[in-house]
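Q: Contents are TSV, C-alpha atoms and all ligand atoms; file name start_30.tsv:
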```tsv
chain	number	residue	atom	x	y	z
N	1	MET	CA	2.28	-21.95	-3.41
N	2	LEU	CA	2.96	-21.84	0.34
N	3	SER	CA	0.34	-23.20	2.72
N	4	PHE	CA	0.15	-22.76	6.47
N	5	ARG	CA	-2.02	-24.33	9.15
N	6	LYS	CA	-3.55	-22.46	12.07
N	7	GLY	CA	-0.92	-22.12	14.82
N	8	ASP	CA	2.07	-22.51	12.47
N	9	VAL	CA	5.06	-20.21	12.79
N	10	VAL	CA	5.04	-18.64	9.30
N	11	HIS	CA	8.45	-17.06	9.70
N	12	SER	CA	10.77	-16.20	12.57
N	13	ASP	CA	13.92	-14.14	12.86
N	14	GLU	CA	16.57	-13.53	15.52
N	15	PRO	CA	17.88	-9.93	15.64
N	16	TYR	CA	21.21	-8.85	14.19
N	17	SER	CA	21.51	-6.61	17.24
N	18	ALA	CA	19.14	-5.76	20.08
N	19	VAL	CA	19.04	-3.58	23.21
N	20	VAL	CA	16.80	-3.51	26.26
N	21	SER	CA	15.01	-0.17	26.93
N	22	ASP	CA	16.84	2.18	29.33
N	23	SER	CA	14.23	1.89	32.08
N	24	LEU	CA	14.17	-1.93	31.92
N	25	LEU	CA	17.93	-2.63	32.02
N	26	GLY	CA	17.65	-3.85	35.62
N	27	SER	CA	14.57	-6.02	35.12
N	28	VAL	CA	14.85	-7.54	31.62
N	29	CYS	CA	17.62	-9.93	30.54
N	30	SER	CA	19.84	-8.21	27.93
N	31	CYS	CA	20.31	-11.52	26.12
N	32	CYS	CA	16.97	-13.36	25.95
N	33	PHE	CA	14.71	-10.40	26.90
N	34	SER	CA	12.81	-12.35	29.53
N	35	GLU	CA	11.51	-10.28	32.41
N	36	PHE	CA	12.65	-11.23	35.92
N	37	PRO	CA	9.87	-11.97	38.38
N	38	ARG	CA	9.51	-8.97	40.70
N	39	ASN	CA	10.63	-10.80	43.83
N	40	ARG	CA	13.61	-12.49	42.25
N	41	ALA	CA	17.00	-11.61	43.72
N	42	ASN	CA	19.40	-14.01	42.02
N	43	TYR	CA	19.91	-12.54	38.58
N	44	ASN	CA	23.33	-11.67	37.16
N	45	ARG	CA	24.41	-8.06	36.96
N	46	CYS	CA	27.37	-7.26	34.69
N	47	PHE	CA	30.46	-6.54	36.82
N	48	GLY	CA	31.89	-4.17	34.22
N	49	CYS	CA	29.15	-1.58	33.80
N	50	GLY	CA	27.01	-2.58	36.78
N	51	THR	CA	23.91	-1.75	34.75
N	52	VAL	CA	23.10	-4.56	32.32
N	53	THR	CA	21.44	-7.64	33.85
N	54	TYR	CA	20.94	-11.28	32.82
N	55	CYS	CA	18.54	-14.02	33.85
N	56	SER	CA	21.33	-16.62	33.92
N	57	THR	CA	25.04	-17.17	33.50
N	58	ALA	CA	24.33	-18.87	30.16
N	59	CYS	CA	22.66	-15.68	28.88
N	60	GLN	CA	25.52	-13.55	30.22
N	61	LEU	CA	28.07	-15.69	28.36
N	62	GLU	CA	26.03	-15.66	25.16
N	63	ASP	CA	25.81	-11.87	25.18
N	64	ALA	CA	29.49	-11.32	26.11
N	65	ASP	CA	30.72	-10.45	22.58
N	66	ASP	CA	27.79	-8.16	21.77
N	67	HIS	CA	27.97	-6.34	25.12
N	68	GLU	CA	31.76	-5.94	25.31
N	69	ILE	CA	32.11	-2.53	23.63
N	70	GLU	CA	28.83	-1.20	24.98
N	71	CYS	CA	30.02	-2.25	28.45
N	72	ARG	CA	33.35	-0.42	28.17
N	73	ILE	CA	31.58	2.75	27.04
N	74	MET	CA	28.87	2.45	29.69
N	75	SER	CA	31.44	2.03	32.47
N	76	THR	CA	33.72	4.90	31.37
N	77	SER	CA	31.44	7.66	30.11
N	78	SER	CA	29.94	10.12	32.56
N	79	GLU	CA	26.58	10.02	30.85
N	80	GLN	CA	24.78	6.72	30.30
N	81	PRO	CA	24.27	6.13	26.52
N	82	ASP	CA	20.56	5.83	25.70
N	83	GLU	CA	18.72	2.97	23.97
N	84	TYR	CA	19.25	4.32	20.46
N	85	THR	CA	22.95	5.00	21.04
N	86	ARG	CA	23.42	1.53	22.48
N	87	LEU	CA	21.72	-0.02	19.46
N	88	ILE	CA	24.18	1.82	17.19
N	89	LEU	CA	27.10	0.71	19.38
N	90	ARG	CA	26.03	-2.94	19.39
N	91	THR	CA	25.38	-2.91	15.66
N	92	ALA	CA	28.71	-1.23	14.90
N	93	ALA	CA	30.51	-3.69	17.18
N	94	ARG	CA	28.93	-6.69	15.50
N	95	TYR	CA	29.48	-5.28	12.03
N	96	SER	CA	33.19	-4.62	12.62
N	97	ARG	CA	33.66	-8.01	14.29
N	98	GLU	CA	32.10	-9.83	11.33
N	99	ARG	CA	33.96	-7.66	8.82
N	100	ASP	CA	37.31	-8.49	10.47
N	101	ILE	CA	36.75	-12.25	10.18
N	102	GLY	CA	35.04	-11.94	6.78
N	103	GLN	CA	31.87	-13.70	7.93
N	104	HIS	CA	28.53	-11.96	7.63
N	105	THR	CA	25.29	-13.03	9.28
N	106	ILE	CA	22.73	-13.90	6.62
N	107	GLY	CA	19.02	-13.37	7.20
N	108	GLU	CA	16.88	-15.71	5.12
N	109	TYR	CA	13.22	-15.27	4.20
N	110	PHE	CA	11.90	-18.13	2.04
N	111	GLY	CA	15.04	-18.17	-0.11
N	112	HIS	CA	15.50	-14.37	-0.15
N	113	ARG	CA	18.79	-13.62	1.58
N	114	ARG	CA	19.98	-10.42	3.17
N	115	ILE	CA	23.16	-9.32	4.96
N	116	PHE	CA	23.50	-6.06	6.88
N	117	ASP	CA	24.98	-4.29	3.81
N	118	ASP	CA	21.74	-5.07	1.92
N	119	LEU	CA	19.53	-3.11	4.32
N	120	MET	CA	18.19	0.09	2.77
N	121	SER	CA	19.37	3.50	3.99
N	122	HIS	CA	17.48	5.94	1.71
N	123	ILE	CA	20.44	8.31	1.81
N	124	ASP	CA	19.19	10.12	-1.32
N	125	ASP	CA	15.79	10.87	0.21
N	126	ILE	CA	17.01	12.39	3.48
N	127	GLY	CA	17.04	16.19	3.73
N	128	ASP	CA	20.33	18.10	4.22
N	129	ASP	CA	19.51	19.18	7.78
N	130	ASP	CA	18.77	15.63	8.85
N	131	LEU	CA	21.90	14.36	7.15
N	132	LEU	CA	24.03	16.91	9.04
N	133	ARG	CA	22.35	15.96	12.30
N	134	HIS	CA	23.06	12.27	11.67
N	135	PHE	CA	26.66	13.08	10.73
N	136	ASP	CA	27.24	15.01	13.97
N	137	TYR	CA	25.91	12.02	15.83
N	138	ALA	CA	28.12	9.65	13.84
N	139	LYS	CA	31.16	11.65	14.96
N	140	ILE	CA	30.16	11.30	18.62
N	141	ILE	CA	29.67	7.53	18.23
N	142	ARG	CA	32.98	7.21	16.39
N	143	LYS	CA	34.71	8.94	19.31
N	144	MET	CA	33.08	6.52	21.75
N	145	LEU	CA	34.15	3.54	19.65
N	146	ARG	CA	37.72	4.85	19.38
N	147	SER	CA	38.00	5.13	23.13
N	148	SER	CA	37.19	1.44	23.27
N	149	GLU	CA	39.74	0.68	20.55
N	150	THR	CA	37.25	-0.31	17.87
N	151	HIS	CA	38.38	0.97	14.52
N	152	ILE	CA	35.54	1.96	12.35
N	153	SER	CA	35.36	4.98	10.05
N	154	VAL	CA	32.93	7.82	10.65
N	155	GLU	CA	31.44	7.11	7.20
N	156	LEU	CA	30.65	3.57	8.23
N	157	VAL	CA	29.06	4.72	11.50
N	158	MET	CA	26.99	7.11	9.40
N	159	ILE	CA	25.79	4.29	7.13
N	160	ILE	CA	24.87	2.20	10.17
N	161	ILE	CA	22.89	5.11	11.63
N	162	LEU	CA	21.00	5.67	8.36
N	163	LYS	CA	20.19	1.97	8.03
N	164	LEU	CA	18.97	1.85	11.64
N	165	CYS	CA	16.75	4.91	11.07
N	166	ILE	CA	14.69	2.83	8.67
N	167	ASN	CA	15.17	-0.71	9.90
N	168	ALA	CA	15.20	-0.44	13.71
N	169	HIS	CA	12.20	-2.19	15.19
N	170	SER	CA	10.58	-2.07	18.64
N	171	ILE	CA	10.61	-5.34	20.57
N	172	ILE	CA	7.12	-5.71	22.00
N	173	ASP	CA	6.23	-7.68	25.10
N	174	SER	CA	3.74	-9.91	23.25
N	175	ASP	CA	2.97	-12.17	26.15
N	176	SER	CA	1.41	-9.50	28.35
N	177	GLY	CA	-0.88	-8.31	25.54
N	178	THR	CA	-0.25	-4.71	26.63
N	179	GLY	CA	1.87	-3.65	23.67
N	180	LYS	CA	4.67	-2.53	26.03
N	181	SER	CA	8.06	-2.01	24.34
N	182	LEU	CA	10.96	-3.99	25.83
N	183	GLY	CA	13.64	-2.48	23.62
N	184	ALA	CA	14.80	-2.11	20.03
N	185	ALA	CA	16.40	-4.38	17.46
N	186	VAL	CA	17.36	-4.70	13.84
N	187	TYR	CA	16.29	-7.82	11.91
N	188	LEU	CA	17.76	-8.87	8.58
N	189	ALA	CA	15.24	-11.37	7.20
N	190	ALA	CA	12.14	-9.74	8.69
N	191	SER	CA	13.15	-6.45	7.03
N	192	ILE	CA	12.31	-8.06	3.67
N	193	ILE	CA	8.60	-8.06	4.57
N	194	ASP	CA	6.69	-5.07	3.17
N	195	HIS	CA	4.07	-2.90	4.83
N	196	THR	CA	0.30	-2.71	4.42
N	197	CYS	CA	-2.34	-0.61	6.23
N	198	GLU	CA	-4.97	-3.27	5.52
N	199	CYS	CA	-6.20	-5.50	8.31
N	200	ILE	CA	-4.47	-8.88	8.23
N	201	ASP	CA	-6.55	-11.70	9.71
N	202	ASP	CA	-4.54	-14.71	8.53
N	203	TYR	CA	-1.49	-14.21	10.74
N	204	ILE	CA	-0.13	-11.94	13.46
N	205	GLN	CA	3.30	-10.57	14.30
N	206	LEU	CA	4.48	-11.52	17.78
N	207	PHE	CA	7.69	-11.64	19.81
N	208	ASP	CA	9.19	-14.43	21.86
N	209	GLY	CA	11.78	-12.52	23.88
N	210	LYS	CA	13.72	-10.70	21.15
N	211	ARG	CA	12.80	-13.21	18.42
N	212	ILE	CA	10.22	-11.81	16.02
N	213	TYR	CA	7.77	-14.23	14.40
N	214	LEU	CA	4.57	-14.47	12.41
N	215	LYS	CA	1.96	-16.90	13.72
N	216	ALA	CA	-0.87	-18.24	11.54
N	217	LEU	CA	-4.30	-17.50	13.07
N	218	ARG	CA	-6.10	-19.70	10.51
N	219	ASP	CA	-5.25	-21.98	7.57
N	220	PHE	CA	-4.09	-19.87	4.64
N	221	SER	CA	-1.86	-19.95	1.58
N	222	VAL	CA	0.02	-17.44	-0.57
N	223	ASP	CA	1.40	-17.74	-4.11
N	224	ASP	CA	4.50	-15.78	-3.21
N	225	PRO	CA	6.00	-15.26	0.29
N	226	LEU	CA	6.53	-11.59	-0.65
N	227	GLN	CA	2.72	-11.22	-0.54
N	228	ILE	CA	2.98	-11.60	3.24
N	229	ARG	CA	2.88	-8.16	4.83
N	230	THR	CA	3.24	-6.56	8.25
N	231	HIS	CA	2.38	-3.18	9.74
N	232	TYR	CA	5.25	-0.69	10.09
N	233	ILE	CA	3.11	1.84	11.97
N	234	ALA	CA	0.06	1.86	14.21
N	235	LEU	CA	-2.92	1.46	11.91
N	236	ASP	CA	-5.54	3.31	13.90
N	237	TYR	CA	-4.16	6.55	12.45
N	238	PRO	CA	-6.18	8.36	9.80
N	239	TYR	CA	-5.09	8.28	6.17
N	240	GLY	CA	-3.21	11.60	6.11
N	241	ARG	CA	-1.28	10.85	9.26
N	242	ARG	CA	-0.39	7.34	8.07
N	243	GLN	CA	0.97	8.70	4.81
N	244	ARG	CA	2.98	11.44	6.53
N	245	LEU	CA	4.45	8.95	9.00
N	246	LEU	CA	5.38	6.38	6.35
N	247	LEU	CA	6.92	9.06	4.15
N	248	SER	CA	8.95	10.72	6.91
N	249	LYS	CA	10.16	7.50	8.51
N	250	TYR	CA	10.27	4.99	5.65
N	251	TYR	CA	10.34	7.22	2.56
N	252	PHE	CA	7.47	5.71	0.63
N	253	LYS	CA	3.91	6.57	-0.25
N	254	CYS	CA	1.60	3.71	0.69
N	255	LYS	CA	-0.64	2.47	-2.09
N	256	CYS	CA	-2.31	-0.42	-0.28
N	257	ASN	CA	-6.01	-1.00	-0.97
N	258	ARG	CA	-7.06	0.70	2.24
N	259	CYS	CA	-5.06	3.84	1.37
N	260	LEU	CA	-6.46	3.89	-2.17
N	261	ILE	CA	-10.01	3.74	-0.79
N	262	ASP	CA	-9.33	6.29	1.97
N	263	ALA	CA	-7.77	8.74	-0.50
N	264	LYS	CA	-10.88	8.72	-2.67
N	265	LEU	CA	-13.36	9.22	0.17
N	266	PRO	CA	-15.41	12.37	-0.30
N	267	GLY	CA	-14.59	15.01	2.26
N	268	THR	CA	-11.17	13.59	3.09
N	269	ARG	CA	-9.79	17.15	3.19
N	270	LEU	CA	-12.45	18.12	5.71
N	271	LEU	CA	-11.65	15.07	7.79
N	272	GLU	CA	-7.95	15.92	7.77
N	273	ASP	CA	-8.87	19.23	9.39
N	274	LEU	CA	-10.62	17.29	12.13
N	275	GLU	CA	-7.42	15.53	13.08
N	276	SER	CA	-6.45	18.26	15.52
N	277	PHE	CA	-9.86	17.99	17.10
N	278	LEU	CA	-9.40	14.25	17.58
N	279	SER	CA	-6.10	14.78	19.38
N	280	MET	CA	-7.52	17.33	21.83
N	281	PRO	CA	-7.57	16.32	25.51
N	282	ALA	CA	-11.00	15.13	26.57
N	283	ASP	CA	-12.32	17.88	28.84
N	284	ASP	CA	-15.55	19.90	28.77
N	285	SER	CA	-14.52	21.88	25.69
N	286	TRP	CA	-13.93	18.58	23.87
N	287	TRP	CA	-17.61	17.71	24.18
N	288	ASP	CA	-18.60	21.13	22.84
N	289	ALA	CA	-16.31	20.66	19.86
N	290	ALA	CA	-17.54	17.07	19.42
N	291	ARG	CA	-21.17	18.16	19.16
N	292	GLU	CA	-20.23	20.33	16.21
N	293	VAL	CA	-18.46	17.58	14.30
N	294	PHE	CA	-20.87	14.72	14.98
N	295	PRO	CA	-23.10	15.57	11.96
N	296	TYR	CA	-20.13	15.07	9.62
N	297	PHE	CA	-19.43	11.61	10.97
N	298	SER	CA	-22.98	10.34	10.58
N	299	GLN	CA	-22.41	10.27	6.80
N	300	ILE	CA	-19.08	8.44	6.99
N	301	PRO	CA	-18.77	4.65	7.38
N	302	VAL	CA	-17.49	3.38	10.74
N	303	THR	CA	-14.62	1.69	8.93
N	304	ASN	CA	-13.19	5.09	8.04
N	305	SER	CA	-10.10	5.82	10.17
N	306	TYR	CA	-11.37	9.18	11.44
N	307	HIS	CA	-14.74	7.81	12.41
N	308	HIS	CA	-13.00	4.85	14.02
N	309	ILE	CA	-10.74	7.08	16.13
N	310	LEU	CA	-13.72	9.15	17.22
N	311	LEU	CA	-15.57	6.01	18.33
N	312	LYS	CA	-12.58	4.78	20.30
N	313	ARG	CA	-12.22	8.15	22.02
N	314	LEU	CA	-15.90	8.18	22.88
N	315	ARG	CA	-15.56	4.68	24.28
N	316	ASN	CA	-12.59	5.69	26.46
N	317	ILE	CA	-14.31	8.81	27.72
N	318	SER	CA	-17.57	6.98	28.52
N	319	SER	CA	-15.69	4.21	30.30
N	320	GLY	CA	-13.70	6.79	32.27
N	321	LEU	CA	-17.00	8.30	33.40
N	322	SER	CA	-18.26	4.81	34.37
N	323	CYS	CA	-20.97	5.03	31.66
N	324	PHE	CA	-20.41	1.41	30.62
N	325	GLY	CA	-23.60	1.05	28.56
N	326	GLU	CA	-22.47	3.93	26.30
N	327	ALA	CA	-18.89	2.64	26.33
N	328	SER	CA	-20.17	-0.76	25.10
N	329	ALA	CA	-22.16	0.83	22.28
N	330	PHE	CA	-19.15	2.85	21.07
N	331	GLY	CA	-16.82	-0.13	21.48
N	332	TYR	CA	-19.18	-2.32	19.47
N	333	MET	CA	-19.12	0.12	16.55
N	334	ALA	CA	-15.34	0.59	16.84
N	335	LEU	CA	-14.90	-3.18	16.51
N	336	ILE	CA	-16.08	-3.06	12.90
N	337	GLY	CA	-13.26	-0.67	11.94
N	338	ALA	CA	-10.43	-2.47	13.78
N	339	ALA	CA	-7.40	-2.10	11.55
N	340	SER	CA	-5.30	-4.99	12.85
N	341	VAL	CA	-5.64	-8.16	14.88
N	342	HIS	CA	-3.78	-6.52	17.77
N	343	GLU	CA	-6.29	-3.68	17.75
N	344	LYS	CA	-9.25	-6.05	17.42
N	345	GLN	CA	-7.91	-7.92	20.46
N	346	ARG	CA	-7.73	-4.72	22.55
N	347	ILE	CA	-11.20	-3.50	21.48
N	348	LEU	CA	-12.79	-6.89	22.18
N	349	TYR	CA	-11.10	-7.08	25.57
N	350	HIS	CA	-12.41	-3.65	26.63
N	351	LEU	CA	-15.83	-4.37	25.12
N	352	SER	CA	-16.17	-7.58	27.14
N	353	TYR	CA	-15.32	-5.68	30.32
N	354	ASP	CA	-17.57	-2.70	29.49
N	355	MET	CA	-20.51	-5.01	28.80
N	356	ALA	CA	-19.96	-6.98	32.00
N	357	ARG	CA	-19.64	-3.77	34.04
N	358	SER	CA	-22.89	-2.47	32.57
N	359	GLY	CA	-24.66	-5.63	33.71
N	360	SER	CA	-25.03	-7.33	30.30
N	361	ASN	CA	-23.37	-10.43	31.74
N	362	HIS	CA	-26.50	-11.16	33.76
N	363	PRO	CA	-28.69	-13.87	32.13
N	364	ARG	CA	-31.75	-11.66	32.58
N	365	SER	CA	-30.15	-8.69	30.77
N	366	GLU	CA	-31.59	-7.92	27.33
N	367	ASN	CA	-28.01	-7.77	26.00
N	368	TYR	CA	-26.98	-11.09	27.51
N	369	ALA	CA	-26.84	-12.92	24.17
N	370	ILE	CA	-24.63	-10.20	22.68
N	371	PHE	CA	-22.39	-10.27	25.75
N	372	ARG	CA	-21.93	-14.04	25.42
N	373	ARG	CA	-21.09	-13.69	21.74
N	374	ILE	CA	-18.52	-10.93	22.38
N	375	GLN	CA	-17.04	-12.88	25.29
N	376	LYS	CA	-16.73	-15.99	23.09
N	377	MET	CA	-15.12	-14.00	20.24
N	378	THR	CA	-12.65	-12.42	22.70
N	379	ILE	CA	-11.70	-15.75	24.25
N	380	GLU	CA	-11.24	-17.40	20.85
N	381	LEU	CA	-9.03	-14.61	19.54
N	382	LEU	CA	-6.94	-14.48	22.74
N	383	GLU	CA	-6.52	-18.27	22.64
N	384	ASP	CA	-5.38	-18.09	19.00
N	385	ILE	CA	-2.85	-15.36	19.76
N	386	PHE	CA	-1.64	-16.70	23.11
N	387	HIS	CA	-2.85	-19.99	24.60
N	388	LYS	CA	-5.78	-21.45	26.52
N	389	ASN	CA	-4.46	-20.67	30.01
N	390	HIS	CA	-3.13	-17.18	29.33
N	391	PRO	CA	-4.07	-14.72	32.15
N	392	LEU	CA	-6.05	-12.56	29.68
N	393	VAL	CA	-8.16	-15.57	28.62
N	394	LEU	CA	-8.85	-16.48	32.24
N	395	SER	CA	-9.86	-12.92	33.14
N	396	ILE	CA	-12.40	-12.79	30.27
N	397	ARG	CA	-13.83	-16.19	31.30
N	398	LYS	CA	-14.40	-14.83	34.81
N	399	LEU	CA	-16.49	-11.91	33.46
N	400	THR	CA	-19.59	-14.08	33.53
N	401	SER	CA	-19.71	-13.53	37.29
N	402	LEU	CA	-18.43	-9.93	37.43
N	403	LYS	CA	-20.70	-7.62	39.44
N	404	ARG	CA	-22.31	-4.70	37.65
N	405	ILE	CA	-20.69	-1.32	38.32
N	406	LYS	CA	-23.18	1.50	38.86
N	407	SER	CA	-22.77	4.62	36.74
N	408	SER	CA	-21.44	7.55	38.71
N	501	ZN	ZN	18.21	-14.50	29.66
N	502	ZN	ZN	28.53	-4.48	31.26
N	503	ZN	ZN	-1.67	1.97	3.16
```
Translate the structure described by the file into structure tokens.
A:
Amino acid sequence: MLSFRKGDVVHSDEPYSAVVSDSLLGSVCSCCFSEFPRNRANYNRCFGCGTVTYCSTACQLEDADDHEIECRIMSTSSEQPDEYTRLILRTAARYSRERDIGQHTIGEYFGHRRIFDDLMSHIDDIGDDDLLRHFDYAKIIRKMLRSSETHISVELVMIIILKLCINAHSIIDSDSGTGKSLGAAVYLAASIIDHTCECIDDYIQLFDGKRIYLKALRDFSVDDPLQIRTHYIALDYPYGRRQRLLLSKYYFKCKCNRCLIDAKLPGTRLLEDLESFLSMPADDSWWDAAREVFPYFSQIPVTNSYHHILLKRLRNISSGLSCFGEASAFGYMALIGAASVHEKQRILYHLSYDMARSGSNHPRSENYAIFRRIQKMTIELLEDIFHKNHPLVLSIRKLTSLKRIKSS
């Protein structure tokens, strides 16, 4: 049995290859993925391509081997290769470099070991049209690599592309709490961890630069490290959409407890039809449509994905209209159906603000006790995820004195 204490790093993994997003190449270090302060002038820009930047000379030196081929291609081709292409280039470069010296990076997850060749590609599940599309792309990449004198067969490029389709991972800016993507990467050890749609309260997946890690949010233990799960997709999607996404991107049908329960819910078919309604832009006609579907939702628990999405939309719309009392009520109900710790954090954060803006932060308000409880829950969760002096924690603390905003 494996036991962890609150705050422990359960597992961490450095990427096999990683790239900064196209729009952030000038403001995020391509080696350690730290963001430069806005007013900072003395960062290093690569002389070769003139595009990739580094926070320090040490980072530039460390990234030299991984950037070399990408750099040559970026400085000679008329069109700048995009994030996905650069991830293929960096991965192919690393793979061929390691192959030539006969030394492969090993990712290790509690004794389970994986090299790049072990990553799944699901070649048998991919449709013919998609395969042809990937193959055309592989030929383009091969041509790029040839021009930079890297010898790698088109078949191998194809395998790398197929493995990246399934195993490429967004690098999220965890520290800001905004969920912003900094780039993409492929991890060997972390790819061993399976998916679940169920809410995980024991630990959370975070990033430190490009390093991915799981942090324990409370004391917990597991019999087998393979019982530890993460979320491959956003979990505030309804059942049908989750299944379609997982099947089209990862080629499996999810049978987690939440999916088993959702699949059996009466009226699931009807709810699936409501999906298009839920994705409609929120204008006047949305409210008309909403009035028609409300009766259906009153019979469905708030933990149901569809009901949950509806509540979150209602919260956003109310808040946008400065109706913070209504926004608080919807946010409060949405909290019960939060599908992940990340989502719970975002809902709590908005709920604290909505309540303060509606005047519940005033000691004489009838909702003052609830406000204090929500504020405390938000602060505790933010402190567990980040730390005591994180800007998000400080902003929630200050809500006690925030002035009420009048409804428009
Ligand atoms: Zn750096
Ligand atoms: Zn360069
Ligand atoms: Zn599931």
Q: Could you check how far atom CA of N:Phe135 sits from atom CA of N:Met158, in Å to one decimal?
A: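 Result for atom CA of N:Phe135 versus atom CA of N:Met158: 6.1 Å, one decimal.
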Q: Give me, as a PyMOL selection string, the set of residues whose atoms come within 8 Å of any atom of ligand ZN 502 (chain N), counting all atoms listed in the file.
A: chain N and resi 45-52+67-68+70-72+74-75
Q: The selected residues should be written to file as a compact mmCIF listing (two decimals), keeping the file's coordinate frame (atoms: C-alpha atoms).
A:
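Final output, out26.txt:
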```
# COMPACT_ATOMS: atom_id res chain seq x y z
CA ARG N 45 24.41 -8.06 36.96
CA CYS N 46 27.37 -7.26 34.69
CA PHE N 47 30.46 -6.54 36.82
CA GLY N 48 31.89 -4.17 34.22
CA CYS N 49 29.15 -1.58 33.80
CA GLY N 50 27.01 -2.58 36.78
CA THR N 51 23.91 -1.75 34.75
CA VAL N 52 23.10 -4.56 32.32
CA HIS N 67 27.97 -6.34 25.12
CA GLU N 68 31.76 -5.94 25.31
CA GLU N 70 28.83 -1.20 24.98
CA CYS N 71 30.02 -2.25 28.45
CA ARG N 72 33.35 -0.42 28.17
CA MET N 74 28.87 2.45 29.69
CA SER N 75 31.44 2.03 32.47
```
Q: What is the distance, in Å and to one decimal place, between atom CA of N:Pro225 and atom CA of N:Asp201?
A: 16.1 Å
Q: When you draw a straight line from atom CA of N:Tyr54 to atom CA of N:Ser96, how long is it in Å?
A: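 For atom CA of N:Tyr54 relative to atom CA of N:Ser96, the distance reads 24.5 Å.
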Q: Which is closer to ligand ZN 503 (chain N) than all the others in N:Cys259, N:Val302, N:Cys31, N:Cys59, using only C-alpha atoms and all ligand atoms?
A: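 Smallest distance to ligand ZN 503 (chain N) is found for N:Cys259.
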Q: List as CSV every residue of chain N that is in contact with ligand ZN 501 (chain N), defined as an atom at most 8 Å from one of its atoms (using only C-alpha atoms and all ligand atoms), together with the nearest atom pair and the distance in Å rounded to one decimal, sorted by chain and then rising number.
A:
```
residue,atom,partner,partner_atom,distance
N:Val28,CA,N:ZN501,ZN,8.0
N:Cys29,CA,N:ZN501,ZN,4.7
N:Ser30,CA,N:ZN501,ZN,6.7
N:Cys31,CA,N:ZN501,ZN,5.1
N:Cys32,CA,N:ZN501,ZN,4.1
N:Phe33,CA,N:ZN501,ZN,6.1
N:Ser34,CA,N:ZN501,ZN,5.8
N:Tyr54,CA,N:ZN501,ZN,5.3
N:Cys55,CA,N:ZN501,ZN,4.2
N:Ser56,CA,N:ZN501,ZN,5.7
N:Ala58,CA,N:ZN501,ZN,7.5
N:Cys59,CA,N:ZN501,ZN,4.7
N:Gln60,CA,N:ZN501,ZN,7.4
```
Q: Please check which residues have atoms at most 6 Å from (-3.8, -21.5, 7.8) in the file's coordinates, counting only C-alpha atoms, and write them as a ChimeraX atom specification.
A: /N:4-6,216,218-220
Q: For each of N:Asp236, N:Glu14, N:Asp354, N:Glu380, take the minimum atom-to-atom distance to ligand ZN 503 (chain N), counting only C-alpha atoms and all ligand atoms, then give the residue where this is smallest.
A: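 So, comparing all the options, the nearest one is N:Asp236.
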Q: Show me which residues sit within 12 Å of ligand ZN 503 (chain N) when counting all atoms listed in the file, and put them as a PDB file with C-alpha atoms, in the coordinates of the input.
A:
```
ATOM      1  CA  ASP N 194       6.690  -5.070   3.170  1.00  0.00           C
ATOM      2  CA  HIS N 195       4.070  -2.900   4.830  1.00  0.00           C
ATOM      3  CA  THR N 196       0.300  -2.710   4.420  1.00  0.00           C
ATOM      4  CA  CYS N 197      -2.340  -0.610   6.230  1.00  0.00           C
ATOM      5  CA  GLU N 198      -4.970  -3.270   5.520  1.00  0.00           C
ATOM      6  CA  CYS N 199      -6.200  -5.500   8.310  1.00  0.00           C
ATOM      7  CA  ARG N 229       2.880  -8.160   4.830  1.00  0.00           C
ATOM      8  CA  THR N 230       3.240  -6.560   8.250  1.00  0.00           C
ATOM      9  CA  HIS N 231       2.380  -3.180   9.740  1.00  0.00           C
ATOM     10  CA  TYR N 232       5.250  -0.690  10.090  1.00  0.00           C
ATOM     11  CA  ILE N 233       3.110   1.840  11.970  1.00  0.00           C
ATOM     12  CA  ALA N 234       0.060   1.860  14.210  1.00  0.00           C
ATOM     13  CA  LEU N 235      -2.920   1.460  11.910  1.00  0.00           C
ATOM     14  CA  ASP N 236      -5.540   3.310  13.900  1.00  0.00           C
ATOM     15  CA  TYR N 237      -4.160   6.550  12.450  1.00  0.00           C
ATOM     16  CA  PRO N 238      -6.180   8.360   9.800  1.00  0.00           C
ATOM     17  CA  TYR N 239      -5.090   8.280   6.170  1.00  0.00           C
ATOM     18  CA  GLY N 240      -3.210  11.600   6.110  1.00  0.00           C
ATOM     19  CA  ARG N 241      -1.280  10.850   9.260  1.00  0.00           C
ATOM     20  CA  ARG N 242      -0.390   7.340   8.070  1.00  0.00           C
ATOM     21  CA  GLN N 243       0.970   8.700   4.810  1.00  0.00           C
ATOM     22  CA  ARG N 244       2.980  11.440   6.530  1.00  0.00           C
ATOM     23  CA  LEU N 245       4.450   8.950   9.000  1.00  0.00           C
ATOM     24  CA  LEU N 246       5.380   6.380   6.350  1.00  0.00           C
ATOM     25  CA  LEU N 247       6.920   9.060   4.150  1.00  0.00           C
ATOM     26  CA  PHE N 252       7.470   5.710   0.630  1.00  0.00           C
ATOM     27  CA  LYS N 253       3.910   6.570  -0.250  1.00  0.00           C
ATOM     28  CA  CYS N 254       1.600   3.710   0.690  1.00  0.00           C
ATOM     29  CA  LYS N 255      -0.640   2.470  -2.090  1.00  0.00           C
ATOM     30  CA  CYS N 256      -2.310  -0.420  -0.280  1.00  0.00           C
ATOM     31  CA  ASN N 257      -6.010  -1.000  -0.970  1.00  0.00           C
ATOM     32  CA  ARG N 258      -7.060   0.700   2.240  1.00  0.00           C
ATOM     33  CA  CYS N 259      -5.060   3.840   1.370  1.00  0.00           C
ATOM     34  CA  LEU N 260      -6.460   3.890  -2.170  1.00  0.00           C
ATOM     35  CA  ILE N 261     -10.010   3.740  -0.790  1.00  0.00           C
ATOM     36  CA  ASP N 262      -9.330   6.290   1.970  1.00  0.00           C
ATOM     37  CA  ALA N 263      -7.770   8.740  -0.500  1.00  0.00           C
ATOM     38  CA  SER N 305     -10.100   5.820  10.170  1.00  0.00           C
ATOM     39  CA  ALA N 339      -7.400  -2.100  11.550  1.00  0.00           C
TER      40      ALA N 339
END
```
